[in-house]
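**Q** Data: upload.txt, compact mmCIF, C-alpha atoms.
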```
# COMPACT_ATOMS: atom_id res chain seq x y z
CA MET A 57 -7.55 -7.12 33.49
CA ARG A 58 -3.82 -7.71 33.59
CA ASP A 59 -1.57 -4.81 34.31
CA THR A 60 0.47 -3.02 31.68
CA PHE A 61 4.02 -1.73 31.67
CA SER A 62 2.88 1.76 32.46
CA ALA A 63 0.99 0.55 35.51
CA ARG A 64 3.87 -1.46 36.85
CA ALA A 65 6.32 -0.64 39.56
CA CYS A 66 9.24 -1.05 37.19
CA SER A 67 9.78 2.45 35.93
CA SER A 68 13.24 2.37 34.42
CA PHE A 69 11.77 3.59 31.16
CA THR A 70 8.75 5.57 30.12
CA HIS A 71 5.75 3.92 28.52
CA GLU A 72 6.55 5.77 25.27
CA GLU A 73 10.00 4.22 25.31
CA TRP A 74 8.53 0.75 25.73
CA VAL A 75 6.25 1.38 22.77
CA GLU A 76 9.13 2.64 20.63
CA HIS A 77 11.24 -0.32 21.75
CA ALA A 78 8.50 -2.75 20.74
CA CYS A 79 8.38 -1.04 17.33
CA GLY A 80 12.17 -1.19 17.03
CA SER A 81 12.32 2.57 16.57
CA LEU A 82 14.30 3.69 19.61
CA PRO A 83 17.74 5.18 18.96
CA SER A 84 20.19 2.27 18.95
CA SER A 85 21.94 3.30 22.18
CA ARG A 86 18.63 3.54 24.05
CA GLN A 87 17.43 0.31 22.44
CA ALA A 88 20.51 -1.41 23.84
CA GLU A 89 19.81 0.01 27.31
CA VAL A 90 16.25 -1.32 27.21
CA GLU A 91 17.50 -4.71 26.04
CA ALA A 92 20.03 -4.78 28.86
CA HIS A 93 17.32 -3.88 31.37
CA ILE A 94 15.02 -6.62 30.04
CA ALA A 95 17.85 -9.13 30.43
CA ARG A 96 18.19 -8.15 34.10
CA CYS A 97 14.56 -7.57 35.11
CA ALA A 98 12.46 -10.74 35.32
CA GLU A 99 9.17 -8.83 35.36
CA CYS A 100 9.96 -6.87 32.20
CA ARG A 101 11.43 -9.95 30.54
CA GLU A 102 8.22 -11.86 31.14
CA LYS A 103 6.13 -9.02 29.70
CA SER A 104 8.44 -8.63 26.73
CA GLU A 105 8.26 -12.36 25.99
CA GLU A 106 4.47 -12.28 26.24
CA LEU A 107 4.29 -9.49 23.66
CA LEU A 108 6.70 -11.32 21.40
CA LEU A 109 4.58 -14.45 21.66
CA VAL A 110 1.44 -12.48 20.75
CA ASP A 111 3.30 -10.99 17.80
CA ARG A 112 4.32 -14.44 16.56
CA ARG A 113 0.81 -15.81 16.97
CA LEU A 114 -0.64 -12.85 15.10
CA ILE A 115 1.81 -13.32 12.25
CA ALA A 116 1.03 -17.05 12.06
CA ALA A 117 -2.75 -16.50 12.22
CA ALA A 118 -2.66 -13.70 9.63
CA THR A 119 -0.59 -15.93 7.33
CA LEU A 120 -3.20 -18.68 7.66
CA LEU A 121 -5.94 -16.19 6.95
CA ARG A 122 -4.19 -14.97 3.81
CA GLU A 123 -3.52 -18.51 2.62
CA SER A 124 -7.10 -19.58 3.23
CA LEU A 125 -8.46 -16.99 0.84
CA PRO A 126 -8.87 -18.39 -2.66
CA ALA A 127 -6.30 -17.48 -5.22
CA VAL A 128 -7.34 -15.21 -8.03
CA SER A 129 -8.84 -17.46 -10.67
CA PRO A 130 -7.11 -17.67 -14.07
CA ALA A 131 -10.35 -16.48 -15.67
CA ALA A 132 -10.35 -13.39 -13.48
CA SER A 133 -6.70 -12.70 -14.28
CA GLN A 134 -7.43 -13.01 -17.99
CA ALA A 135 -10.40 -10.69 -17.63
CA PHE A 136 -8.21 -8.17 -15.89
CA GLU A 137 -5.50 -8.52 -18.57
CA GLU A 138 -8.19 -7.67 -21.09
CA TRP A 139 -9.33 -4.76 -18.93
CA ILE A 140 -5.81 -3.36 -18.70
CA ARG A 141 -5.38 -3.73 -22.45
CA LEU A 142 -8.52 -1.68 -23.02
CA ALA A 143 -7.60 0.77 -20.27
CA ALA A 144 -4.15 1.23 -21.80
CA ALA A 145 -5.78 2.33 -25.01
CA THR A 146 -7.58 5.11 -23.17
CA LEU A 147 -4.99 5.95 -20.51
CA ASP A 148 -2.55 8.60 -21.58
CA PHE A 149 0.87 7.02 -21.21
CA VAL A 150 4.07 9.00 -21.89
CA PRO A 151 4.79 7.45 -25.34
CA ARG A 152 1.28 8.40 -26.50
CA ARG A 153 1.82 11.98 -25.37
CA LEU A 154 5.23 12.12 -27.08
CA LEU A 155 3.70 10.91 -30.31
CA ARG A 156 1.02 13.59 -30.02
CA LEU A 157 3.69 16.28 -29.55
CA GLU A 158 5.67 14.99 -32.53
CA LEU A 159 2.58 15.04 -34.73
CA PHE A 160 1.90 18.58 -33.59
CA LEU A 161 5.43 19.92 -33.96
CA THR A 162 6.60 18.35 -37.22
CA PRO A 163 4.24 20.28 -39.56
CA ILE A 164 5.10 23.54 -37.74
CA CYS A 165 8.88 23.44 -37.73
CA GLY A 166 9.93 20.34 -39.66
CA PHE A 167 11.01 16.92 -38.45
CA ARG A 168 14.67 17.68 -37.66
CA THR A 169 13.92 20.89 -35.72
CA ALA A 170 11.13 19.14 -33.83
CA GLU A 171 13.50 16.30 -32.96
CA ARG A 172 16.23 18.67 -31.78
CA ALA A 173 13.81 20.81 -29.77
CA MET A 174 12.49 17.72 -28.01
CA LEU A 175 16.02 16.53 -27.25
CA ILE A 176 16.98 19.93 -25.79
CA ALA A 177 13.78 20.01 -23.70
CA ALA A 178 14.46 16.49 -22.47
CA ARG A 179 17.96 17.55 -21.36
CA HIS A 180 16.49 20.56 -19.60
CA ALA A 181 14.30 18.06 -17.75
CA LEU A 182 17.53 16.24 -16.80
CA VAL A 183 17.04 13.27 -19.11
CA GLU A 184 19.68 12.11 -21.59
CA SER A 185 17.29 11.36 -24.44
CA VAL A 186 13.61 11.67 -25.31
CA ASP A 187 13.23 7.87 -25.07
CA LEU A 188 14.13 8.02 -21.38
CA LEU A 189 11.41 10.54 -20.51
CA THR A 190 9.11 9.39 -17.72
CA GLU A 191 6.04 10.65 -15.90
CA ARG A 192 8.30 12.26 -13.32
CA HIS A 193 10.06 14.43 -15.93
CA TRP A 194 7.01 15.19 -18.01
CA ALA A 195 5.98 18.55 -16.54
CA ALA A 196 9.51 19.99 -16.79
CA PHE A 197 9.90 18.60 -20.32
CA VAL A 198 6.65 20.13 -21.62
CA LYS A 199 7.39 23.45 -19.94
CA SER A 200 10.83 23.61 -21.54
CA LEU A 201 9.60 22.47 -24.95
CA SER A 202 6.77 24.98 -24.83
CA ALA A 203 9.28 27.80 -24.14
CA LEU A 204 11.50 26.62 -27.01
CA VAL A 205 8.64 26.39 -29.48
CA GLY A 206 7.39 29.77 -28.28
CA ALA A 207 10.81 31.28 -29.07
CA LEU A 208 11.09 29.48 -32.44
CA CYS A 209 7.56 29.70 -33.78
CA GLY A 210 5.80 32.32 -31.71
CA GLU A 211 4.04 32.49 -28.37
CA PHE A 212 0.78 31.11 -29.74
CA ALA A 213 2.51 27.93 -30.96
CA GLY A 214 4.24 27.57 -27.58
CA ASP A 215 0.95 27.87 -25.69
CA LEU A 216 -0.72 25.43 -28.04
CA LEU A 217 2.07 22.91 -27.57
CA TRP A 218 1.76 23.22 -23.81
CA ARG A 219 -1.92 22.34 -24.08
CA VAL A 220 -1.22 19.38 -26.37
CA GLY A 221 1.34 18.12 -23.86
CA GLN A 222 -1.11 17.93 -20.96
CA THR A 223 -2.25 14.52 -19.73
CA ALA A 224 -5.58 13.52 -21.16
CA ALA A 225 -6.33 10.80 -18.56
CA MET B 262 8.69 -7.82 10.57
CA VAL B 263 10.70 -9.72 7.96
CA VAL B 264 10.51 -8.32 4.42
CA SER B 265 9.61 -11.17 2.06
CA GLU B 266 10.69 -11.57 -1.55
CA ALA B 267 7.12 -10.89 -2.66
CA ASP B 268 7.16 -7.70 -0.61
CA LEU B 269 10.37 -6.61 -2.33
CA ASN B 270 8.82 -7.31 -5.74
CA GLU B 271 5.84 -5.16 -4.84
CA ARG B 272 8.05 -2.31 -3.75
CA GLU B 273 10.25 -2.58 -6.83
CA ALA B 274 7.21 -2.60 -9.10
CA ALA B 275 5.73 0.40 -7.29
CA GLY B 276 9.04 2.25 -7.52
CA ALA B 277 9.33 1.56 -11.25
CA PHE B 278 5.76 2.68 -11.90
CA LEU B 279 6.15 5.89 -9.91
CA ALA B 280 9.43 6.62 -11.69
CA ASN B 281 8.20 6.28 -15.26
CA GLY B 282 4.43 5.71 -15.30
CA SER B 283 4.67 3.61 -18.45
CA GLU B 284 2.10 1.05 -19.52
CA GLU B 285 4.63 -1.72 -18.97
CA SER B 286 5.42 -0.61 -15.42
CA PHE B 287 1.70 -0.32 -14.67
CA ARG B 288 1.17 -3.88 -15.92
CA ALA B 289 4.00 -5.11 -13.70
CA LEU B 290 2.50 -3.26 -10.75
CA TYR B 291 -1.01 -4.58 -11.17
CA ARG B 292 0.33 -8.12 -11.55
CA VAL B 293 1.94 -7.95 -8.12
CA LEU B 294 -0.85 -5.96 -6.45
CA TYR B 295 -3.93 -7.60 -7.90
CA ALA B 296 -4.00 -10.67 -5.65
CA LYS B 297 -3.02 -8.59 -2.61
CA LEU B 298 -5.91 -6.18 -3.11
CA VAL B 299 -8.40 -8.95 -3.80
CA ARG B 300 -7.31 -10.55 -0.52
CA TYR B 301 -7.66 -7.20 1.25
CA PHE B 302 -11.32 -6.96 0.28
CA MET B 303 -12.06 -10.65 0.83
CA ALA B 304 -10.55 -10.55 4.30
CA ARG B 305 -13.14 -7.85 4.98
CA ALA B 306 -16.02 -10.15 4.15
CA LEU B 307 -16.62 -9.28 0.51
CA SER B 308 -17.31 -11.88 -2.15
CA GLN B 309 -14.57 -12.65 -4.66
CA ALA B 310 -16.49 -11.01 -7.50
CA THR B 311 -16.98 -7.79 -5.52
CA ALA B 312 -13.38 -7.89 -4.30
CA GLU B 313 -12.12 -8.13 -7.88
CA GLU B 314 -14.38 -5.32 -9.02
CA LEU B 315 -13.16 -3.03 -6.23
CA THR B 316 -9.56 -4.06 -6.91
CA GLN B 317 -9.90 -2.85 -10.49
CA ASP B 318 -11.33 0.44 -9.25
CA VAL B 319 -8.39 0.88 -6.89
CA LEU B 320 -5.81 0.10 -9.57
CA LEU B 321 -7.37 2.48 -12.04
CA THR B 322 -7.44 5.22 -9.41
CA ILE B 323 -3.77 4.57 -8.69
CA TYR B 324 -2.88 4.97 -12.31
CA ARG B 325 -4.85 8.15 -12.72
CA ARG B 326 -3.66 9.80 -9.53
CA ALA B 327 -0.08 8.57 -9.27
CA GLY B 328 1.15 11.98 -10.32
CA THR B 329 -0.49 13.58 -7.28
CA LEU B 330 1.40 11.41 -4.79
CA GLN B 331 3.97 13.71 -3.23
CA LYS B 332 5.91 11.27 -1.07
CA LYS B 333 6.74 8.24 -3.19
CA GLU B 334 7.76 6.27 -0.10
CA CYS B 335 4.16 6.52 1.13
CA PHE B 336 2.86 4.57 -1.87
CA PHE B 337 1.55 1.58 0.06
CA GLY B 338 -0.12 3.72 2.70
CA TRP B 339 -1.74 5.69 -0.10
CA LEU B 340 -2.75 2.49 -1.89
CA PHE B 341 -4.59 1.16 1.15
CA LYS B 342 -6.14 4.53 1.83
CA ILE B 343 -7.69 4.34 -1.65
CA ALA B 344 -8.71 0.73 -0.99
CA ALA B 345 -10.32 1.71 2.33
CA ASN B 346 -12.22 4.54 0.63
CA CYS B 347 -13.41 2.16 -2.10
CA HIS B 348 -14.51 -0.31 0.55
CA ARG B 349 -16.36 2.39 2.48
CA ARG B 350 -18.12 3.61 -0.67
CA HIS B 351 -19.12 0.06 -1.51
CA LEU B 352 -20.52 -0.50 1.96
CA ARG B 353 -22.41 2.76 1.79
CA ARG B 354 -23.86 1.72 -1.52
CA ALA B 355 -24.82 -1.63 -0.09
CA ARG B 356 -26.40 0.19 2.88
CA ARG B 357 -24.50 -1.79 5.43
CA ASP B 358 -23.11 -0.70 8.74
CA VAL B 359 -19.32 -0.34 8.48
CA GLU B 360 -18.62 -1.41 12.03
CA THR B 361 -20.64 -4.62 11.87
CA VAL B 362 -19.12 -5.81 8.65
CA GLY B 363 -15.70 -7.33 8.36
CA LEU B 364 -15.52 -9.31 11.54
CA ASP B 365 -17.36 -12.38 10.43
CA ALA B 366 -15.17 -14.98 8.87
CA PRO B 367 -15.45 -14.36 5.14
CA GLU B 368 -17.45 -17.02 3.33
CA SER B 369 -14.50 -17.51 1.07
CA ILE B 370 -12.25 -18.63 3.92
CA GLY B 371 -11.52 -22.29 3.67
CA SER B 372 -12.70 -22.64 0.11
CA LYS B 373 -9.27 -24.10 -0.55
CA ARG B 374 -9.33 -26.08 2.70
CA ASN B 375 -12.08 -28.47 3.61
CA ASP B 376 -10.69 -29.40 6.98
CA ILE B 377 -12.77 -27.89 9.82
CA ALA B 378 -9.75 -27.42 12.07
CA GLU B 379 -7.95 -25.57 9.31
CA LEU B 380 -11.05 -23.47 8.79
CA ASP B 381 -11.11 -22.54 12.48
CA ARG B 382 -7.43 -21.67 12.49
CA ALA B 383 -7.81 -19.51 9.40
CA ALA B 384 -10.65 -17.58 11.04
CA GLU B 385 -8.74 -17.32 14.35
CA PHE B 386 -7.15 -14.02 13.43
CA LEU B 387 -10.56 -12.46 12.80
CA HIS B 388 -11.87 -13.78 16.12
CA TRP B 389 -8.93 -12.13 17.88
CA MET B 390 -9.71 -8.90 16.11
CA GLU B 391 -13.18 -8.98 17.67
CA LEU B 392 -11.48 -8.47 21.02
CA LEU B 393 -10.18 -5.07 19.94
CA GLU B 394 -11.64 -1.63 19.43
CA PRO B 395 -12.59 -0.74 15.82
CA ILE B 396 -9.62 1.54 15.26
CA GLU B 397 -7.18 -1.02 16.73
CA ARG B 398 -8.77 -3.67 14.53
CA ARG B 399 -8.22 -1.61 11.37
CA ILE B 400 -4.63 -0.93 12.34
CA MET B 401 -3.89 -4.56 13.21
CA MET B 402 -5.45 -5.84 9.97
CA LEU B 403 -3.21 -3.52 7.96
CA ARG B 404 -0.18 -4.46 10.05
CA TYR B 405 -0.56 -8.23 10.04
CA VAL B 406 -2.74 -9.16 7.06
CA GLU B 407 -1.56 -6.52 4.60
CA GLU B 408 1.89 -6.39 6.25
CA LEU B 409 2.23 -2.60 6.12
CA GLY B 410 4.86 -0.62 8.00
CA TYR B 411 3.93 1.83 10.77
CA GLN B 412 4.29 4.90 8.55
CA GLU B 413 2.24 3.27 5.79
CA ILE B 414 -0.56 2.50 8.24
CA ALA B 415 -0.45 6.10 9.47
CA THR B 416 -0.85 7.27 5.86
CA ALA B 417 -3.58 4.75 5.06
CA LEU B 418 -5.68 5.73 8.07
CA SER B 419 -4.66 9.40 8.26
CA LEU B 420 -3.41 8.94 11.81
CA PRO B 421 -0.27 10.27 13.52
CA LEU B 422 2.61 7.77 13.49
CA GLY B 423 2.78 7.79 17.29
CA THR B 424 -0.88 6.87 17.55
CA VAL B 425 -0.37 3.89 15.24
CA LYS B 426 2.55 2.58 17.31
CA TRP B 427 0.67 3.17 20.52
CA LYS B 428 -2.48 1.39 19.30
CA ILE B 429 -0.50 -1.62 18.05
CA TYR B 430 1.26 -1.88 21.37
CA SER B 431 -1.92 -1.59 23.43
CA ALA B 432 -3.72 -4.04 21.13
CA LYS B 433 -0.94 -6.57 21.68
CA GLU B 434 -1.11 -6.01 25.42
CA ARG B 435 -4.85 -6.60 25.37
CA LEU B 436 -4.49 -9.72 23.23
CA SER B 437 -1.69 -10.94 25.46
CA ALA B 438 -4.02 -10.77 28.45
CA GLN B 439 -6.84 -12.46 26.54
CA LEU B 440 -4.74 -15.16 24.94
CA ALA B 441 -2.64 -15.98 27.99
CA PRO B 442 -4.76 -18.98 29.07
CA GLN B 443 -4.21 -20.52 25.61
CA LYS B 444 -0.46 -19.91 25.74
CA ARG B 445 0.52 -23.36 26.95
CA VAL B 446 -1.69 -25.13 24.45
CA LEU B 447 0.41 -23.94 21.52
```
As C-alpha cells, how would this structure be written, given the file I've shared?
**A**
Amino acid sequence: MRDTFSARACSSFTHEEWVEHACGSLPSSRQAEVEAHIARCAECREKSEELLLVDRRLIAAATLLRESLPAVSPAASQAFEEWIRLAAATLDFVPRRLLRLELFLTPICGFRTAERAMLIAARHALVESVDLLTERHWAAFVKSLSALVGALCGEFAGDLLWRVGQTAA
Amino acid sequence: MVVSEADLNEREAAGAFLANGSEESFRALYRVLYAKLVRYFMARALSQATAEELTQDVLLTIYRRAGTLQKKECFFGWLFKIAANCHRRHLRRARRDVETVGLDAPESIGSKRNDIAELDRAAEFLHWMELLEPIERRIMMLRYVEELGYQEIATALSLPLGTVKWKIYSAKERLSAQLAPQKRVL
C-alpha cells in the first residue's frame, strides 16, 4: 500500500487542508500557500500530479461510460411525451388552480370584483399581475385572497376559497 | 470540474421549474433530465425498459414534491436522492442484493459500439469502482458519472459535506496507488 499525504513526513499542511485543496474549497489565500508549497516540494508535487492524473482518467472513463449507454429511443421519448400529456391533465398546475378560483369566485361576488380581489392578492404575494403567479407565490396568494373574500363575503366564503385554492396533486 | 453547456441547461430548467412550477417548465425540465436519469439507472445495471420506467417515477415524484424542497440550490442532490430511493425500492422488489448489483458492466454498454476495445474502455470506470468501498463507489459514481457537486452528493446520500470530500480524496488516493503501474501506458 502506498503512503498517503497524512502519513508522509511533509507536514506543512494538515490532511484536512490537503483534502480541501483537492476540492478547491480552501480560502484563496491558503489555497495560494498550498500551491506555492507544491511548487517547491517535489514529494508533494508528485503526489498532487498523481491525484490530478487519476482525476483526469476518471473523467475520461466516466465520459466513455456515459457515451456507451444507448441514447433514449425516439419511441421511448414519444411514449414519455404522451405520459406527460396525460399527467399534465391530472397534475394540478397553477393555471388550473387559478381557473378553479375564478369559477368559484365569480358567482359569489361578480366578475369584476373577483378580478380585482385576485389582483390585490397577487400584489400581496409580491407579484405584479395574476398571470405572473407561480408555485412559489401560491401559498401567499391564496392566503391573501382568502382573507379578502372573507372580509367581502363572509368568513365561510373565505374558508371555502382557501380550500378550493389548495393543490389537488 | 468544468460546467458544460448541457449542465447549464439542466440547472436553468430546474431553476425555472422551481420558480413557477408550470406545465411548460416541467416539460422543459423532463426533456433535459430524462436521458440523464435513464443513464443513471442503466449505469447501475438496469435494463433500458426498467431504467425508463424508474425515470418516469422519479420525474413524477419531483413534480409532486417540488414544493417541499426547502433549499432550491440542493435540487440535483434531492433529485438523485429520489433516484437512489427508487433504485433501492426496485432492487428490493426484485429481491436482489444491493451491494452485489451495479458493479457488473451493464448489458447495455457497448450497444452503440461493437468494438471490443471500446467496450472494455467503457466498462473501465466500473472496474475501477470495484476497487473501492461501497460508500466510496456511490460517491464516485455521483461525482464522475452524474457529475454532481460535493454539496449535491452530500444531499443525495444524506452525508456530511466533509465526509463526501474526504471519501473522494481517499478514493482517488487508493485508485492512484492501484492505477500507478498503468500510468505510463496511457
**Q** Produce a table with one row for each residue of stretch 288-353 of chain B that has an atom at most 12 Å from any atom of stretch 192-207 of chain A, each row naming the nearest atom pair and its distance in Å at one decimal; use all atoms listed in the file; arrange rows by chain and rising residue number; format as JSON lines.
**A**
```
{"residue": "B:Ala327", "atom": "CA", "partner": "A:Arg192", "partner_atom": "CA", "distance": 10.0}
{"residue": "B:Gly328", "atom": "CA", "partner": "A:Arg192", "partner_atom": "CA", "distance": 7.8}
{"residue": "B:Thr329", "atom": "CA", "partner": "A:Arg192", "partner_atom": "CA", "distance": 10.7}
{"residue": "B:Leu330", "atom": "CA", "partner": "A:Arg192", "partner_atom": "CA", "distance": 11.0}
{"residue": "B:Gln331", "atom": "CA", "partner": "A:Arg192", "partner_atom": "CA", "distance": 11.1}
{"residue": "B:Lys333", "atom": "CA", "partner": "A:Arg192", "partner_atom": "CA", "distance": 11.0}
```
**Q** Kindly give the distance, in Å, that separates atom CA of B:Ala438 and atom CA of A:Cys97, rounded to a single decimal.
**A**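 According to the coordinates, atom CA of B:Ala438 and atom CA of A:Cys97 are separated by 20.0 Å.
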**Q** Tell me, as a list of chain:residue names, which residues lie within 12 Å of A:Leu189, counting all atoms listed in the file; anything in the same chain fewer than 5 positions away does not count.
**A**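 My list of contacting residues is A:Phe149, A:Val150, A:Pro151, A:Arg152, A:Arg153, A:Leu154, A:Met174, A:Leu175, A:Ala177, A:Ala178, A:Arg179, A:His180, A:Ala181, A:Leu182, A:Val183, A:Glu184, A:Trp194, A:Ala195, A:Ala196, A:Phe197, A:Val198, B:Ala280, B:Asn281, B:Gly282, B:Ser283.
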**Q** Which residues, written as number ranges by chain, have at least one atom at most 10 Å from B:Leu409, with only C-alpha atoms counted and residues fewer than 3 positions away on the same chain left out?
**A** B: 262, 268, 337-338, 341, 400-406, 412-415, 417
**Q** Neighbourhood query: residues within 12 Å of (11.0, 27.6, -34.6), file coordinates, counting only C-alpha atoms; return as number ranges by chain.
**A** A: 161-174, 201-214
**Q** Write a file of the just-selected residues containing C-alpha atoms, as a compact mmCIF listing (two decimals), keeping the file's coordinate frame.
**A**
```
# COMPACT_ATOMS: atom_id res chain seq x y z
CA LEU A 161 5.43 19.92 -33.96
CA THR A 162 6.60 18.35 -37.22
CA PRO A 163 4.24 20.28 -39.56
CA ILE A 164 5.10 23.54 -37.74
CA CYS A 165 8.88 23.44 -37.73
CA GLY A 166 9.93 20.34 -39.66
CA PHE A 167 11.01 16.92 -38.45
CA ARG A 168 14.67 17.68 -37.66
CA THR A 169 13.92 20.89 -35.72
CA ALA A 170 11.13 19.14 -33.83
CA GLU A 171 13.50 16.30 -32.96
CA ARG A 172 16.23 18.67 -31.78
CA ALA A 173 13.81 20.81 -29.77
CA MET A 174 12.49 17.72 -28.01
CA LEU A 201 9.60 22.47 -24.95
CA SER A 202 6.77 24.98 -24.83
CA ALA A 203 9.28 27.80 -24.14
CA LEU A 204 11.50 26.62 -27.01
CA VAL A 205 8.64 26.39 -29.48
CA GLY A 206 7.39 29.77 -28.28
CA ALA A 207 10.81 31.28 -29.07
CA LEU A 208 11.09 29.48 -32.44
CA CYS A 209 7.56 29.70 -33.78
CA GLY A 210 5.80 32.32 -31.71
CA GLU A 211 4.04 32.49 -28.37
CA PHE A 212 0.78 31.11 -29.74
CA ALA A 213 2.51 27.93 -30.96
CA GLY A 214 4.24 27.57 -27.58
```
**Q** Got a moment to write stretch 293-315 of chain B out with N, CA and C atoms, as a JSON list (two decimals), in the first residue's frame?
**A**
```json
[["chain", "number", "residue", "atom", "x", "y", "z"],
["B", 293, "VAL", "N", -34.65, 17.76, -20.36],
["B", 293, "VAL", "CA", -33.20, 17.76, -20.11],
["B", 293, "VAL", "C", -32.79, 16.68, -19.10],
["B", 294, "LEU", "N", -33.73, 16.24, -18.26],
["B", 294, "LEU", "CA", -33.34, 15.26, -17.24],
["B", 294, "LEU", "C", -33.59, 13.81, -17.64],
["B", 295, "TYR", "N", -34.47, 13.62, -18.61],
["B", 295, "TYR", "CA", -34.90, 12.26, -18.92],
["B", 295, "TYR", "C", -33.70, 11.35, -19.26],
["B", 296, "ALA", "N", -32.91, 11.79, -20.24],
["B", 296, "ALA", "CA", -31.78, 10.95, -20.67],
["B", 296, "ALA", "C", -30.79, 10.76, -19.53],
["B", 297, "LYS", "N", -30.59, 11.80, -18.73],
["B", 297, "LYS", "CA", -29.63, 11.73, -17.62],
["B", 297, "LYS", "C", -30.07, 10.68, -16.60],
["B", 298, "LEU", "N", -31.36, 10.66, -16.30],
["B", 298, "LEU", "CA", -31.85, 9.70, -15.31],
["B", 298, "LEU", "C", -31.84, 8.27, -15.87],
["B", 299, "VAL", "N", -32.19, 8.15, -17.15],
["B", 299, "VAL", "CA", -32.14, 6.81, -17.75],
["B", 299, "VAL", "C", -30.71, 6.28, -17.67],
["B", 300, "ARG", "N", -29.75, 7.14, -17.98],
["B", 300, "ARG", "CA", -28.34, 6.74, -17.90],
["B", 300, "ARG", "C", -27.96, 6.36, -16.47],
["B", 301, "TYR", "N", -28.48, 7.13, -15.51],
["B", 301, "TYR", "CA", -28.18, 6.85, -14.09],
["B", 301, "TYR", "C", -28.56, 5.41, -13.76],
["B", 302, "PHE", "N", -29.75, 5.01, -14.16],
["B", 302, "PHE", "CA", -30.21, 3.66, -13.83],
["B", 302, "PHE", "C", -29.48, 2.60, -14.66],
["B", 303, "MET", "N", -29.22, 2.93, -15.93],
["B", 303, "MET", "CA", -28.54, 1.94, -16.77],
["B", 303, "MET", "C", -27.11, 1.72, -16.34],
["B", 304, "ALA", "N", -26.47, 2.78, -15.86],
["B", 304, "ALA", "CA", -25.09, 2.64, -15.37],
["B", 304, "ALA", "C", -25.06, 1.79, -14.11],
["B", 305, "ARG", "N", -26.22, 1.55, -13.53],
["B", 305, "ARG", "CA", -26.31, 0.70, -12.33],
["B", 305, "ARG", "C", -26.97, -0.63, -12.68],
["B", 306, "ALA", "N", -26.70, -1.04, -13.89],
["B", 306, "ALA", "CA", -27.02, -2.40, -14.36],
["B", 306, "ALA", "C", -28.50, -2.71, -14.54],
["B", 307, "LEU", "N", -29.31, -1.69, -14.80],
["B", 307, "LEU", "CA", -30.72, -1.97, -15.09],
["B", 307, "LEU", "C", -30.94, -1.93, -16.60],
["B", 308, "SER", "N", -31.93, -2.67, -17.04],
["B", 308, "SER", "CA", -32.24, -2.68, -18.48],
["B", 308, "SER", "C", -32.82, -1.31, -18.87],
["B", 309, "GLN", "N", -32.82, -1.04, -20.16],
["B", 309, "GLN", "CA", -33.32, 0.26, -20.61],
["B", 309, "GLN", "C", -34.80, 0.44, -20.26],
["B", 310, "ALA", "N", -35.58, -0.64, -20.42],
["B", 310, "ALA", "CA", -37.01, -0.53, -20.14],
["B", 310, "ALA", "C", -37.24, -0.20, -18.66],
["B", 311, "THR", "N", -36.51, -0.90, -17.78],
["B", 311, "THR", "CA", -36.66, -0.63, -16.34],
["B", 311, "THR", "C", -36.17, 0.77, -16.01],
["B", 312, "ALA", "N", -35.04, 1.15, -16.63],
["B", 312, "ALA", "CA", -34.48, 2.48, -16.38],
["B", 312, "ALA", "C", -35.48, 3.56, -16.76],
["B", 313, "GLU", "N", -36.16, 3.37, -17.87],
["B", 313, "GLU", "CA", -37.14, 4.38, -18.31],
["B", 313, "GLU", "C", -38.35, 4.42, -17.38],
["B", 314, "GLU", "N", -38.74, 3.26, -16.92],
["B", 314, "GLU", "CA", -39.88, 3.18, -16.01],
["B", 314, "GLU", "C", -39.55, 3.92, -14.70],
["B", 315, "LEU", "N", -38.36, 3.64, -14.17],
["B", 315, "LEU", "CA", -37.96, 4.29, -12.91],
["B", 315, "LEU", "C", -37.77, 5.80, -13.11]]
```
